[in-house]
file upload-v5.cif (mmCIF, C-alpha atoms)
data_structure
#
loop_
_atom_site.group_PDB
_atom_site.id
_atom_site.type_symbol
_atom_site.label_atom_id
_atom_site.label_comp_id
_atom_site.auth_asym_id
_atom_site.auth_seq_id
_atom_site.Cartn_x
_atom_site.Cartn_y
_atom_site.Cartn_z
ATOM 1 C CA MET A 926 0.000 0.000 0.000
ATOM 2 C CA SER A 927 2.961 2.329 0.535
ATOM 3 C CA ARG A 928 3.474 2.722 -3.256
ATOM 4 C CA LEU A 929 -0.237 3.398 -3.741
ATOM 5 C CA ASN A 930 -0.145 6.080 -1.064
ATOM 6 C CA GLU A 931 2.928 7.592 -2.710
ATOM 7 C CA LEU A 932 1.224 7.632 -6.113
ATOM 8 C CA ARG A 933 -1.910 9.152 -4.590
ATOM 9 C CA MET A 934 0.146 12.075 -3.227
ATOM 10 C CA ILE A 935 1.947 12.499 -6.544
ATOM 11 C CA ALA A 936 -1.405 12.570 -8.349
ATOM 12 C CA ARG A 937 -2.702 15.214 -5.953
ATOM 13 C CA VAL A 938 0.350 17.414 -6.556
ATOM 14 C CA ALA A 939 -0.043 16.983 -10.324
ATOM 15 C CA GLN A 940 -3.729 17.896 -10.115
ATOM 16 C CA MET A 941 -2.996 21.060 -8.142
ATOM 17 C CA TYR A 942 -0.313 22.122 -10.624
ATOM 18 C CA HIS A 943 -1.788 21.122 -14.003
ATOM 19 C CA VAL A 944 -5.545 21.341 -13.364
ATOM 20 C CA GLU A 945 -5.876 23.959 -10.629
ATOM 21 C CA ASN A 946 -2.982 26.053 -12.068
ATOM 22 C CA GLN A 947 -1.339 26.541 -8.678
ATOM 23 C CA ARG A 948 2.309 27.583 -8.496
ATOM 24 C CA GLN A 949 4.847 25.099 -7.125
ATOM 25 C CA ALA A 950 5.613 27.411 -4.208
ATOM 26 C CA ASP A 951 1.917 27.582 -3.237
ATOM 27 C CA ILE A 952 1.561 23.794 -3.484
ATOM 28 C CA ALA A 953 4.582 23.324 -1.228
ATOM 29 C CA LYS A 954 3.164 25.736 1.332
ATOM 30 C CA HIS A 955 -0.299 24.134 1.250
ATOM 31 C CA LEU A 956 0.991 20.562 1.639
ATOM 32 C CA ARG A 957 3.798 21.484 4.047
ATOM 33 C CA MET A 958 6.609 20.149 1.885
ATOM 34 C CA SER A 959 9.617 21.662 0.140
ATOM 35 C CA GLN A 960 9.360 23.101 -3.343
ATOM 36 C CA ALA A 961 12.106 20.674 -4.434
ATOM 37 C CA THR A 962 9.842 17.779 -3.358
ATOM 38 C CA VAL A 963 6.957 19.246 -5.374
ATOM 39 C CA SER A 964 9.217 19.490 -8.416
ATOM 40 C CA ARG A 965 10.340 15.852 -8.009
ATOM 41 C CA MET A 966 6.725 14.692 -7.680
ATOM 42 C CA LEU A 967 5.729 16.513 -10.867
ATOM 43 C CA LYS A 968 8.558 14.762 -12.682
ATOM 44 C CA ARG A 969 7.409 11.413 -11.230
ATOM 45 C CA ALA A 970 3.864 12.143 -12.404
ATOM 46 C CA GLN A 971 5.155 12.337 -15.970
ATOM 47 C CA ASP A 972 7.323 9.219 -15.554
ATOM 48 C CA GLU A 973 4.374 7.245 -14.173
ATOM 49 C CA GLY A 974 2.123 8.298 -17.052
ATOM 50 C CA MET A 975 -0.252 10.337 -14.882
ATOM 51 C CA VAL A 976 0.419 13.471 -16.905
ATOM 52 C CA ARG A 977 0.431 13.381 -20.687
ATOM 53 C CA THR A 978 1.136 16.405 -22.812
ATOM 54 C CA THR A 979 -0.953 16.845 -25.945
ATOM 55 C CA VAL A 980 -0.297 19.600 -28.457
ATOM 56 C CA VAL A 981 -3.304 20.400 -30.636
ATOM 57 C CA SER A 982 -2.107 22.059 -33.829
ATOM 58 C CA PRO A 983 -4.221 25.043 -34.914
ATOM 59 C CA SER A 984 -6.223 24.779 -38.109
ATOM 60 C CA GLY A 985 -4.098 25.784 -41.097
ATOM 61 C CA THR A 986 -0.854 24.403 -39.641
ATOM 62 C CA TYR A 987 0.724 21.105 -40.624
ATOM 63 C CA ALA A 988 2.717 19.603 -37.768
ATOM 64 C CA GLU A 989 2.624 16.076 -39.240
ATOM 65 C CA LEU A 990 3.974 17.220 -42.603
ATOM 66 C CA GLU A 991 6.683 19.233 -40.855
ATOM 67 C CA ALA A 992 7.658 16.249 -38.705
ATOM 68 C CA GLY A 993 7.707 14.065 -41.813
ATOM 69 C CA LEU A 994 10.066 16.437 -43.631
ATOM 70 C CA ARG A 995 12.388 16.641 -40.618
ATOM 71 C CA ALA A 996 12.506 12.848 -40.326
ATOM 72 C CA ARG A 997 12.866 12.010 -44.017
ATOM 73 C CA TYR A 998 15.446 14.623 -44.964
ATOM 74 C CA GLY A 999 17.295 15.079 -41.663
ATOM 75 C CA ILE A 1000 16.735 18.834 -41.472
ATOM 76 C CA ALA A 1001 16.499 20.718 -38.183
ATOM 77 C CA GLU A 1002 13.200 22.472 -38.911
ATOM 78 C CA ALA A 1003 10.462 22.653 -41.532
ATOM 79 C CA ILE A 1004 7.701 25.214 -41.903
ATOM 80 C CA VAL A 1005 4.738 24.135 -44.032
ATOM 81 C CA VAL A 1006 2.340 26.933 -44.925
ATOM 82 C CA GLU A 1007 -1.349 26.894 -45.767
ATOM 83 C CA CYS A 1008 -2.076 27.736 -49.402
ATOM 84 C CA SER A 1009 -5.420 27.637 -51.177
ATOM 85 C CA GLU A 1010 -4.022 26.743 -54.605
ATOM 86 C CA ASP A 1011 -0.998 24.894 -55.952
ATOM 87 C CA ARG A 1012 0.162 27.886 -57.982
ATOM 88 C CA GLU A 1013 3.595 29.467 -57.646
ATOM 89 C CA GLY A 1014 2.442 33.089 -57.337
ATOM 90 C CA ALA A 1015 0.182 32.323 -54.381
ATOM 91 C CA ILE A 1016 2.746 29.933 -52.891
ATOM 92 C CA MET A 1017 5.563 32.508 -52.970
ATOM 93 C CA ALA A 1018 3.453 35.031 -51.063
ATOM 94 C CA ARG A 1019 2.567 32.561 -48.270
ATOM 95 C CA ILE A 1020 6.137 31.276 -47.977
ATOM 96 C CA GLY A 1021 7.442 34.846 -47.819
ATOM 97 C CA GLU A 1022 5.079 35.703 -44.961
ATOM 98 C CA ALA A 1023 6.067 32.643 -42.920
ATOM 99 C CA ALA A 1024 9.785 33.149 -43.533
ATOM 100 C CA ALA A 1025 9.532 36.798 -42.452
ATOM 101 C CA HIS A 1026 7.898 35.829 -39.163
ATOM 102 C CA PHE A 1027 10.470 33.108 -38.501
ATOM 103 C CA LEU A 1028 13.357 35.488 -39.175
ATOM 104 C CA GLU A 1029 11.880 38.174 -36.914
ATOM 105 C CA VAL A 1030 11.419 35.721 -34.041
ATOM 106 C CA THR A 1031 14.736 33.848 -34.291
ATOM 107 C CA LEU A 1032 17.209 36.521 -35.430
ATOM 108 C CA GLN A 1033 20.012 36.860 -32.884
ATOM 109 C CA PRO A 1034 21.915 40.079 -32.061
ATOM 110 C CA GLY A 1035 25.056 40.430 -34.158
ATOM 111 C CA GLU A 1036 23.932 37.997 -36.876
ATOM 112 C CA VAL A 1037 25.516 38.194 -40.328
ATOM 113 C CA ILE A 1038 22.768 37.418 -42.847
ATOM 114 C CA GLY A 1039 23.665 36.127 -46.289
ATOM 115 C CA VAL A 1040 20.954 36.604 -48.897
ATOM 116 C CA SER A 1041 20.661 35.460 -52.486
ATOM 117 C CA SER A 1042 19.672 38.444 -54.589
ATOM 118 C CA TRP A 1043 17.644 37.044 -57.481
ATOM 119 C CA SER A 1044 14.816 35.242 -55.665
ATOM 120 C CA GLU A 1045 11.241 36.482 -55.916
ATOM 121 C CA THR A 1046 10.301 34.399 -52.858
ATOM 122 C CA ILE A 1047 13.006 36.045 -50.768
ATOM 123 C CA LEU A 1048 11.775 39.396 -52.052
ATOM 124 C CA LYS A 1049 8.311 38.464 -50.701
ATOM 125 C CA MET A 1050 9.941 37.666 -47.349
ATOM 126 C CA VAL A 1051 11.590 41.086 -47.195
ATOM 127 C CA ASP A 1052 8.262 42.728 -48.099
ATOM 128 C CA ASN A 1053 6.723 41.166 -44.969
ATOM 129 C CA ILE A 1054 9.436 41.934 -42.397
ATOM 130 C CA HIS A 1055 8.628 44.585 -39.799
ATOM 131 C CA PRO A 1056 11.365 47.101 -38.881
ATOM 132 C CA MET A 1057 13.500 45.866 -35.998
ATOM 133 C CA LYS A 1058 15.404 47.904 -33.482
ATOM 134 C CA ALA A 1059 18.824 49.114 -34.631
ATOM 135 C CA GLY A 1060 21.655 46.687 -34.117
ATOM 136 C CA LYS A 1061 19.554 43.500 -34.249
ATOM 137 C CA ALA A 1062 21.728 42.128 -37.049
ATOM 138 C CA LYS A 1063 25.294 43.151 -37.795
ATOM 139 C CA GLN A 1064 25.583 42.784 -41.576
ATOM 140 C CA VAL A 1065 23.528 41.682 -44.577
ATOM 141 C CA VAL A 1066 25.741 40.219 -47.283
ATOM 142 C CA GLN A 1067 24.706 39.657 -50.894
ATOM 143 C CA THR A 1068 25.774 36.075 -51.684
ATOM 144 C CA LEU A 1069 25.227 36.076 -55.462
ATOM 145 C CA GLY A 1070 26.374 38.765 -57.861
ATOM 146 C CA GLY A 1071 23.717 41.456 -58.077
ATOM 147 C CA MET A 1072 24.559 43.210 -61.325
ATOM 148 C CA GLY A 1073 22.489 42.587 -64.439
ATOM 149 C CA ASP A 1074 19.781 44.194 -66.528
ATOM 150 C CA PRO A 1075 19.264 47.631 -64.902
ATOM 151 C CA ALA A 1076 15.477 47.178 -65.013
ATOM 152 C CA VAL A 1077 15.772 44.166 -62.711
ATOM 153 C CA GLN A 1078 19.016 44.925 -60.877
ATOM 154 C CA ILE A 1079 17.275 47.537 -58.754
ATOM 155 C CA HIS A 1080 15.187 44.735 -57.184
ATOM 156 C CA ALA A 1081 18.282 42.712 -56.297
ATOM 157 C CA ASN A 1082 20.026 45.680 -54.713
ATOM 158 C CA GLN A 1083 16.879 46.819 -52.897
ATOM 159 C CA LEU A 1084 16.355 43.329 -51.528
ATOM 160 C CA THR A 1085 19.748 43.468 -49.791
ATOM 161 C CA THR A 1086 19.623 47.105 -48.704
ATOM 162 C CA ARG A 1087 16.013 46.921 -47.469
ATOM 163 C CA LEU A 1088 16.709 43.776 -45.456
ATOM 164 C CA ALA A 1089 19.721 45.518 -43.913
ATOM 165 C CA LYS A 1090 17.661 48.573 -43.017
ATOM 166 C CA LEU A 1091 14.828 46.484 -41.557
ATOM 167 C CA THR A 1092 17.210 44.490 -39.363
ATOM 168 C CA GLY A 1093 19.381 47.445 -38.340
ATOM 169 C CA ALA A 1094 22.380 46.023 -40.197
ATOM 170 C CA GLU A 1095 25.057 47.235 -42.588
ATOM 171 C CA ALA A 1096 24.534 46.213 -46.232
ATOM 172 C CA HIS A 1097 27.329 44.696 -48.304
ATOM 173 C CA LEU A 1098 26.446 44.521 -52.005
ATOM 174 C CA LEU A 1099 28.229 42.154 -54.366
ATOM 175 C CA THR A 1100 28.873 44.588 -57.216
ATOM 176 C CA ALA A 1101 29.466 42.008 -59.928
ATOM 177 C CA PRO A 1102 27.236 39.936 -62.208
ATOM 178 C CA GLY A 1103 26.091 36.548 -60.951
ATOM 179 C CA VAL A 1104 27.557 34.944 -64.056
ATOM 180 C CA ALA A 1105 30.751 36.259 -65.667
ATOM 181 C CA GLN A 1106 31.226 35.956 -69.419
ATOM 182 C CA SER A 1107 34.252 33.713 -68.941
ATOM 183 C CA ARG A 1108 36.551 32.331 -66.262
ATOM 184 C CA GLU A 1109 39.080 35.032 -67.150
ATOM 185 C CA ALA A 1110 36.431 37.759 -66.834
ATOM 186 C CA LYS A 1111 35.529 36.414 -63.400
ATOM 187 C CA LEU A 1112 39.164 36.661 -62.264
ATOM 188 C CA VAL A 1113 39.237 40.298 -63.385
ATOM 189 C CA LEU A 1114 36.000 41.032 -61.473
ATOM 190 C CA LEU A 1115 37.368 39.331 -58.354
ATOM 191 C CA SER A 1116 40.344 41.681 -58.396
ATOM 192 C CA ASP A 1117 37.982 44.557 -57.531
ATOM 193 C CA THR A 1118 38.483 45.580 -53.900
ATOM 194 C CA TYR A 1119 34.780 45.893 -53.072
ATOM 195 C CA VAL A 1120 33.867 42.587 -54.690
ATOM 196 C CA ARG A 1121 36.670 40.856 -52.815
ATOM 197 C CA GLN A 1122 35.698 42.450 -49.480
ATOM 198 C CA THR A 1123 32.096 41.284 -49.806
ATOM 199 C CA MET A 1124 33.090 37.750 -50.750
ATOM 200 C CA GLU A 1125 35.464 37.576 -47.784
ATOM 201 C CA LEU A 1126 32.374 37.996 -45.570
ATOM 202 C CA PHE A 1127 30.881 34.710 -46.828
ATOM 203 C CA SER A 1128 32.778 32.794 -44.137
ATOM 204 C CA LYS A 1129 31.256 35.032 -41.451
ATOM 205 C CA VAL A 1130 27.606 34.462 -42.471
ATOM 206 C CA THR A 1131 25.607 32.950 -39.588
ATOM 207 C CA LEU A 1132 22.226 32.806 -41.361
ATOM 208 C CA ALA A 1133 21.969 32.244 -45.111
ATOM 209 C CA VAL A 1134 18.601 32.758 -46.793
ATOM 210 C CA VAL A 1135 18.446 30.999 -50.152
ATOM 211 C CA GLY A 1136 16.022 30.109 -52.883
ATOM 212 C CA ILE A 1137 16.008 26.800 -54.757
ATOM 213 C CA GLY A 1138 15.914 26.912 -58.526
ATOM 214 C CA ALA A 1139 14.693 24.357 -61.041
ATOM 215 C CA MET A 1140 16.690 23.830 -64.222
ATOM 216 C CA GLU A 1141 14.413 26.349 -65.927
ATOM 217 C CA PRO A 1142 15.502 29.695 -64.383
ATOM 218 C CA SER A 1143 12.962 31.844 -62.546
ATOM 219 C CA GLY A 1144 11.433 34.894 -64.169
ATOM 220 C CA MET A 1145 13.417 37.360 -62.058
ATOM 221 C CA LEU A 1146 16.709 35.570 -62.756
ATOM 222 C CA SER A 1147 15.952 35.288 -66.470
ATOM 223 C CA ARG A 1148 15.168 38.994 -66.725
ATOM 224 C CA SER A 1149 18.396 39.873 -64.921
ATOM 225 C CA GLY A 1150 20.544 38.268 -67.610
ATOM 226 C CA ASN A 1151 22.409 36.165 -65.021
ATOM 227 C CA VAL A 1152 21.619 32.902 -66.757
ATOM 228 C CA PHE A 1153 23.351 30.253 -68.792
ATOM 229 C CA THR A 1154 22.443 29.427 -72.389
ATOM 230 C CA SER A 1155 19.999 26.622 -73.161
ATOM 231 C CA ARG A 1156 22.947 24.570 -74.455
ATOM 232 C CA GLU A 1157 24.815 25.046 -71.175
ATOM 233 C CA ILE A 1158 21.728 24.128 -69.143
ATOM 234 C CA ALA A 1159 21.373 21.002 -71.274
ATOM 235 C CA GLU A 1160 24.973 20.076 -70.369
ATOM 236 C CA VAL A 1161 24.129 20.321 -66.677
ATOM 237 C CA THR A 1162 20.936 18.300 -67.167
ATOM 238 C CA ASN A 1163 22.866 15.613 -69.064
ATOM 239 C CA ALA A 1164 25.322 15.509 -66.142
ATOM 240 C CA GLY A 1165 22.400 14.746 -63.822
ATOM 241 C CA GLY A 1166 21.568 18.261 -62.605
ATOM 242 C CA VAL A 1167 18.052 18.800 -61.250
ATOM 243 C CA GLY A 1168 18.299 22.246 -59.636
ATOM 244 C CA ASP A 1169 20.472 24.910 -58.107
ATOM 245 C CA ILE A 1170 21.075 27.028 -55.029
ATOM 246 C CA GLY A 1171 22.659 30.322 -56.043
ATOM 247 C CA LEU A 1172 23.501 28.898 -59.506
ATOM 248 C CA ARG A 1173 25.412 26.004 -57.899
ATOM 249 C CA PHE A 1174 23.899 22.857 -59.394
ATOM 250 C CA PHE A 1175 23.213 19.466 -57.787
ATOM 251 C CA ASP A 1176 21.717 16.134 -58.847
ATOM 252 C CA ALA A 1177 18.709 14.207 -57.541
ATOM 253 C CA GLU A 1178 20.777 12.728 -54.699
ATOM 254 C CA GLY A 1179 22.124 16.126 -53.642
ATOM 255 C CA ARG A 1180 25.597 15.648 -55.106
ATOM 256 C CA PRO A 1181 27.222 18.767 -56.639
ATOM 257 C CA VAL A 1182 27.222 18.865 -60.437
ATOM 258 C CA THR A 1183 30.382 20.694 -61.424
ATOM 259 C CA THR A 1184 30.938 21.864 -64.989
ATOM 260 C CA PRO A 1185 33.102 24.638 -66.512
ATOM 261 C CA MET A 1186 30.076 26.911 -65.940
ATOM 262 C CA ASP A 1187 30.733 26.715 -62.210
ATOM 263 C CA GLU A 1188 33.962 28.651 -62.691
ATOM 264 C CA ARG A 1189 31.986 31.637 -64.022
ATOM 265 C CA VAL A 1190 29.598 32.022 -61.059
ATOM 266 C CA ILE A 1191 30.344 34.867 -58.657
ATOM 267 C CA GLY A 1192 28.721 33.889 -55.431
ATOM 268 C CA MET A 1193 28.678 31.558 -52.462
ATOM 269 C CA SER A 1194 29.479 27.893 -53.160
ATOM 270 C CA LEU A 1195 27.645 24.870 -51.767
ATOM 271 C CA SER A 1196 30.679 24.006 -49.640
ATOM 272 C CA GLU A 1197 30.649 27.511 -48.151
ATOM 273 C CA LEU A 1198 26.914 27.177 -47.462
ATOM 274 C CA GLY A 1199 27.594 23.872 -45.747
ATOM 275 C CA LYS A 1200 29.849 25.626 -43.241
ATOM 276 C CA THR A 1201 27.177 28.213 -42.347
ATOM 277 C CA SER A 1202 25.453 27.841 -38.966
ATOM 278 C CA ARG A 1203 21.915 28.101 -40.390
ATOM 279 C CA VAL A 1204 20.692 27.869 -43.966
ATOM 280 C CA MET A 1205 17.023 28.699 -44.544
ATOM 281 C CA ALA A 1206 15.636 27.683 -47.942
ATOM 282 C CA LEU A 1207 12.429 29.199 -49.331
ATOM 283 C CA ALA A 1208 10.806 27.244 -52.156
ATOM 284 C CA GLY A 1209 7.616 25.571 -53.322
ATOM 285 C CA GLY A 1210 5.482 24.722 -56.312
ATOM 286 C CA PRO A 1211 5.075 21.795 -58.705
ATOM 287 C CA SER A 1212 7.866 22.859 -61.055
ATOM 288 C CA LYS A 1213 10.378 23.026 -58.204
ATOM 289 C CA THR A 1214 9.510 19.911 -56.203
ATOM 290 C CA PHE A 1215 12.136 17.687 -57.833
ATOM 291 C CA ALA A 1216 14.790 20.400 -57.323
ATOM 292 C CA ILE A 1217 13.751 20.898 -53.681
ATOM 293 C CA ARG A 1218 14.107 17.185 -52.984
ATOM 294 C CA GLY A 1219 17.625 17.221 -54.448
ATOM 295 C CA ALA A 1220 18.481 20.372 -52.487
ATOM 296 C CA LEU A 1221 17.363 18.767 -49.220
ATOM 297 C CA ARG A 1222 19.719 15.887 -49.940
ATOM 298 C CA THR A 1223 22.764 18.169 -50.319
ATOM 299 C CA GLY A 1224 23.021 18.360 -46.540
ATOM 300 C CA VAL A 1225 23.441 22.146 -46.522
ATOM 301 C CA ILE A 1226 19.832 23.099 -45.671
ATOM 302 C CA ASP A 1227 18.797 23.391 -42.015
ATOM 303 C CA LEU A 1228 15.320 24.854 -42.448
ATOM 304 C CA LEU A 1229 12.854 24.544 -45.330
ATOM 305 C CA VAL A 1230 9.876 26.876 -45.730
ATOM 306 C CA THR A 1231 7.443 25.405 -48.251
ATOM 307 C CA ASP A 1232 3.729 24.919 -48.942
ATOM 308 C CA LYS A 1233 1.451 22.008 -48.037
ATOM 309 C CA PHE A 1234 1.126 20.736 -51.618
ATOM 310 C CA THR A 1235 4.896 20.575 -52.101
ATOM 311 C CA ALA A 1236 5.391 19.011 -48.661
ATOM 312 C CA GLU A 1237 2.945 16.234 -49.554
ATOM 313 C CA ARG A 1238 4.793 15.562 -52.814
ATOM 314 C CA LEU A 1239 8.154 15.508 -51.012
ATOM 315 C CA LEU A 1240 6.802 12.865 -48.639
ATOM 316 C CA THR A 1241 5.252 10.684 -51.340
ATOM 317 C CA PRO A 1242 7.495 7.648 -52.027
ATOM 318 C CA ASP A 1243 8.789 7.483 -55.597
ATOM 319 C CA ALA A 1244 6.709 10.471 -56.629
ATOM 320 C CA ASN A 1245 7.006 11.341 -60.311
ATOM 321 C CA PHE A 1246 7.680 15.034 -59.840
ATOM 322 C CA SER A 1247 7.372 17.615 -62.558
ATOM 323 C CA THR A 1248 10.689 19.148 -63.574
#

call {"tool": "encode", "arguments": {"input": "upload-v5.cif", "output": "structure tokens"}}
result
Amino acid sequence: MSRLNELRMIARVAQMYHVENQRQADIAKHLRMSQATVSRMLKRAQDEGMVRTTVVSPSGTYAELEAGLRARYGIAEAIVVECSEDREGAIMARIGEAAAHFLEVTLQPGEVIGVSSWSETILKMVDNIHPMKAGKAKQVVQTLGGMGDPAVQIHANQLTTRLAKLTGAEAHLLTAPGVAQSREAKLVLLSDTYVRQTMELFSKVTLAVVGIGAMEPSGMLSRSGNVFTSREIAEVTNAGGVGDIGLRFFDAEGRPVTTPMDERVIGMSLSELGKTSRVMALAGGPSKTFAIRGALRTGVIDLLVTDKFTAERLLTPDANFST
């Protein structure tokens, strides 16, 4: 009977704490025992199965899909957003909103944020960020060359400078094209002091925000002129490429696909991304699902923000994704 009496007391303590919402100090005073004893009894209540914690996910959130993505792809976190239609315009807006909230809540003082400049989804994220107090972040670094067609370049530069202003940080623009005309032209561009200084900050990035591209470049990237020719893209595809992060290509298993084109890209490499503390990828939509799956297998992504339709496809065994 002694164990039953012990369990009865533990149950009473648990009831007072979890049901009656009494503080541990008040329970200790009421039952004439130490607060340390109350704390031990509450722990025993959990161990004995008297107290079970249930989290009820709000409508419009997808805890099971998020857990599935974490388990299948070995990423630290996944955010799956509600979206009424499986259409990229609507998806980008919802992903941008969720990514903005996550960044606002988790950004640490003194962070160095790396941001890819030619992503419409990242632009949506920046559009949804509320101004933070000065000094929240230290620097915002452009991680892919931001020069291109002047009609589009303004968006790339504004993305970096606006994010810096919103987070109270100092902006560092990468004043070079994302794709140089040749390897020799890239070497000339890298000799520029300002380009070199920005690229030297890549190793100091603590949070990288990236998009994931399919083999067909996005509208914003296409308009910028920072793209490869259809023949060059075909070479990457023939080598097994399924997508890119910052114009660094990978195959369906997440292995880097290196071609002579790689030597013309002015931006952060996959190996540099892999050394970054946190890499947040923003991507969704039917045309990108195959690329997202490959990107998750590279091992460089810590957090994926995507939509419910894409999450379901990513968790479907042997899904025949659209490319």

call {"tool": "resolve_selection", "arguments": {"input": "upload-v5.cif", "expression": "the PyMOL selection byres ((chain A and resi 1192) around 9)", "output": "list in words"}}
result
Ser1041, Gln1067, Thr1068, Leu1069, Gly1070, Leu1099, Gly1103, Val1104, Met1124, Phe1127, Gly1171, Leu1172, Arg1173, Val1190, Ile1191, Met1193 and Ser1194 of chain A

call {"tool": "resolve_selection", "arguments": {"input": "upload-v5.cif", "expression": "the PyMOL selection byres ((chain A and resi 1120) around 10)", "output": "list in words"}}
result
Gly1070, His1097, Leu1098, Leu1099, Thr1100, Ala1101, Leu1114, Leu1115, Ser1116, Asp1117, Thr1118, Tyr1119, Arg1121, Gln1122, Thr1123, Met1124, Glu1125 and Ile1191 of chain A

call {"tool": "resolve_selection", "arguments": {"input": "upload-v5.cif", "expression": "the PyMOL selection byres ((chain A and resi 1218) around 12)", "output": "ChimeraX atom specification"}}
result
/A:994,997-1000,1137-1139,1167-1169,1175-1180,1206,1208-1217,1219-1224,1226,1229,1231,1235-1248

call {"tool": "write_last_selection", "arguments": {"input": "upload-v5.cif", "atoms": "C-alpha atoms", "output": "compact mmCIF listing (two decimals), keeping the file's coordinate frame"}}
result
# COMPACT_ATOMS: atom_id res chain seq x y z
CA LEU A 994 10.07 16.44 -43.63
CA ARG A 997 12.87 12.01 -44.02
CA TYR A 998 15.45 14.62 -44.96
CA GLY A 999 17.30 15.08 -41.66
CA ILE A 1000 16.74 18.83 -41.47
CA ILE A 1137 16.01 26.80 -54.76
CA GLY A 1138 15.91 26.91 -58.53
CA ALA A 1139 14.69 24.36 -61.04
CA VAL A 1167 18.05 18.80 -61.25
CA GLY A 1168 18.30 22.25 -59.64
CA ASP A 1169 20.47 24.91 -58.11
CA PHE A 1175 23.21 19.47 -57.79
CA ASP A 1176 21.72 16.13 -58.85
CA ALA A 1177 18.71 14.21 -57.54
CA GLU A 1178 20.78 12.73 -54.70
CA GLY A 1179 22.12 16.13 -53.64
CA ARG A 1180 25.60 15.65 -55.11
CA ALA A 1206 15.64 27.68 -47.94
CA ALA A 1208 10.81 27.24 -52.16
CA GLY A 1209 7.62 25.57 -53.32
CA GLY A 1210 5.48 24.72 -56.31
CA PRO A 1211 5.08 21.80 -58.70
CA SER A 1212 7.87 22.86 -61.06
CA LYS A 1213 10.38 23.03 -58.20
CA THR A 1214 9.51 19.91 -56.20
CA PHE A 1215 12.14 17.69 -57.83
CA ALA A 1216 14.79 20.40 -57.32
CA ILE A 1217 13.75 20.90 -53.68
CA GLY A 1219 17.62 17.22 -54.45
CA ALA A 1220 18.48 20.37 -52.49
CA LEU A 1221 17.36 18.77 -49.22
CA ARG A 1222 19.72 15.89 -49.94
CA THR A 1223 22.76 18.17 -50.32
CA GLY A 1224 23.02 18.36 -46.54
CA ILE A 1226 19.83 23.10 -45.67
CA LEU A 1229 12.85 24.54 -45.33
CA THR A 1231 7.44 25.40 -48.25
CA THR A 1235 4.90 20.58 -52.10
CA ALA A 1236 5.39 19.01 -48.66
CA GLU A 1237 2.94 16.23 -49.55
CA ARG A 1238 4.79 15.56 -52.81
CA LEU A 1239 8.15 15.51 -51.01
CA LEU A 1240 6.80 12.86 -48.64
CA THR A 1241 5.25 10.68 -51.34
CA PRO A 1242 7.50 7.65 -52.03
CA ASP A 1243 8.79 7.48 -55.60
CA ALA A 1244 6.71 10.47 -56.63
CA ASN A 1245 7.01 11.34 -60.31
CA PHE A 1246 7.68 15.03 -59.84
CA SER A 1247 7.37 17.61 -62.56
CA THR A 1248 10.69 19.15 -63.57

call {"tool": "atom_distance", "arguments": {"input": "upload-v5.cif", "atom1": "atom CA of Glu1095 of chain A", "atom2": "atom CA of Val1037 of chain A"}}
result
9.3 Å

call {"tool": "atom_distance", "arguments": {"input": "upload-v5.cif", "atom1": "atom CA of Lys1111 of chain A", "atom2": "atom CA of Glu1160 of chain A"}}
result
20.7 Å

call {"tool": "residues_around", "arguments": {"input": "upload-v5.cif", "residues": "Ala992 of chain A", "least_positions_apart": "2", "cutoff": "10 Å", "atoms": "all atoms listed in the file", "output": "JSON, numbers by chain"}}
result
{"A": [987, 988, 989, 990, 994, 995, 996, 997, 1000, 1001, 1002, 1003, 1004, 1005]}

call {"tool": "atom_distance", "arguments": {"input": "upload-v5.cif", "atom1": "atom CA of Met1205 of chain A", "atom2": "atom CA of Val981 of chain A"}}
result
26.0 Å

call {"tool": "closest_residue", "arguments": {"input": "upload-v5.cif", "among": "A:Glu1045, A:Asp1187, A:Glu1157, A:Glu1022", "to": "Glu1007 of chain A", "atoms": "only C-alpha atoms"}}
result
A:Glu1022

call {"tool": "closest_residue", "arguments": {"input": "upload-v5.cif", "among": "A:Lys1200, A:Arg969, A:His1055, A:Lys1129", "to": "Ala939 of chain A", "atoms": "only C-alpha atoms"}}
result
A:Arg969

call {"tool": "closest_residue", "arguments": {"input": "upload-v5.cif", "among": "A:Asp1227, A:Asp972, A:Asp1052, A:Glu1013", "to": "Thr1201 of chain A", "atoms": "all atoms listed in the file"}}
result
A:Asp1227

call {"tool": "residues_around", "arguments": {"input": "upload-v5.cif", "residues": "segment 1078-1087 of chain A", "least_positions_apart": "4", "cutoff": "8 Å", "atoms": "only C-alpha atoms", "output": "list in words"}}
result
Val1040, Ser1042, Trp1043, Leu1048, Val1051, Val1065, Val1066, Gln1067, Gly1071, Met1072, Gly1073, Asp1074, Leu1091, Ala1096, His1097, Leu1098 and Ser1149 of chain A

call {"tool": "decode", "arguments": {"input": "upload-v5.cif", "residues": "segment 926-930 of chain A", "atoms": "N, CA and C atoms", "output": "compact mmCIF listing (two decimals), in the first residue's frame"}}
result
# COMPACT_ATOMS: atom_id res chain seq x y z
N MET A 926 0.82 -1.22 0.00
CA MET A 926 0.00 0.00 0.00
C MET A 926 0.85 1.27 0.00
N SER A 927 2.12 1.13 0.44
CA SER A 927 2.96 2.33 0.53
C SER A 927 3.14 2.99 -0.83
N ARG A 928 3.32 2.14 -1.91
CA ARG A 928 3.47 2.72 -3.26
C ARG A 928 2.18 3.40 -3.68
N LEU A 929 1.04 2.79 -3.38
CA LEU A 929 -0.24 3.40 -3.74
C LEU A 929 -0.43 4.74 -3.04
N ASN A 930 -0.04 4.81 -1.79
CA ASN A 930 -0.15 6.08 -1.06
C ASN A 930 0.77 7.14 -1.67
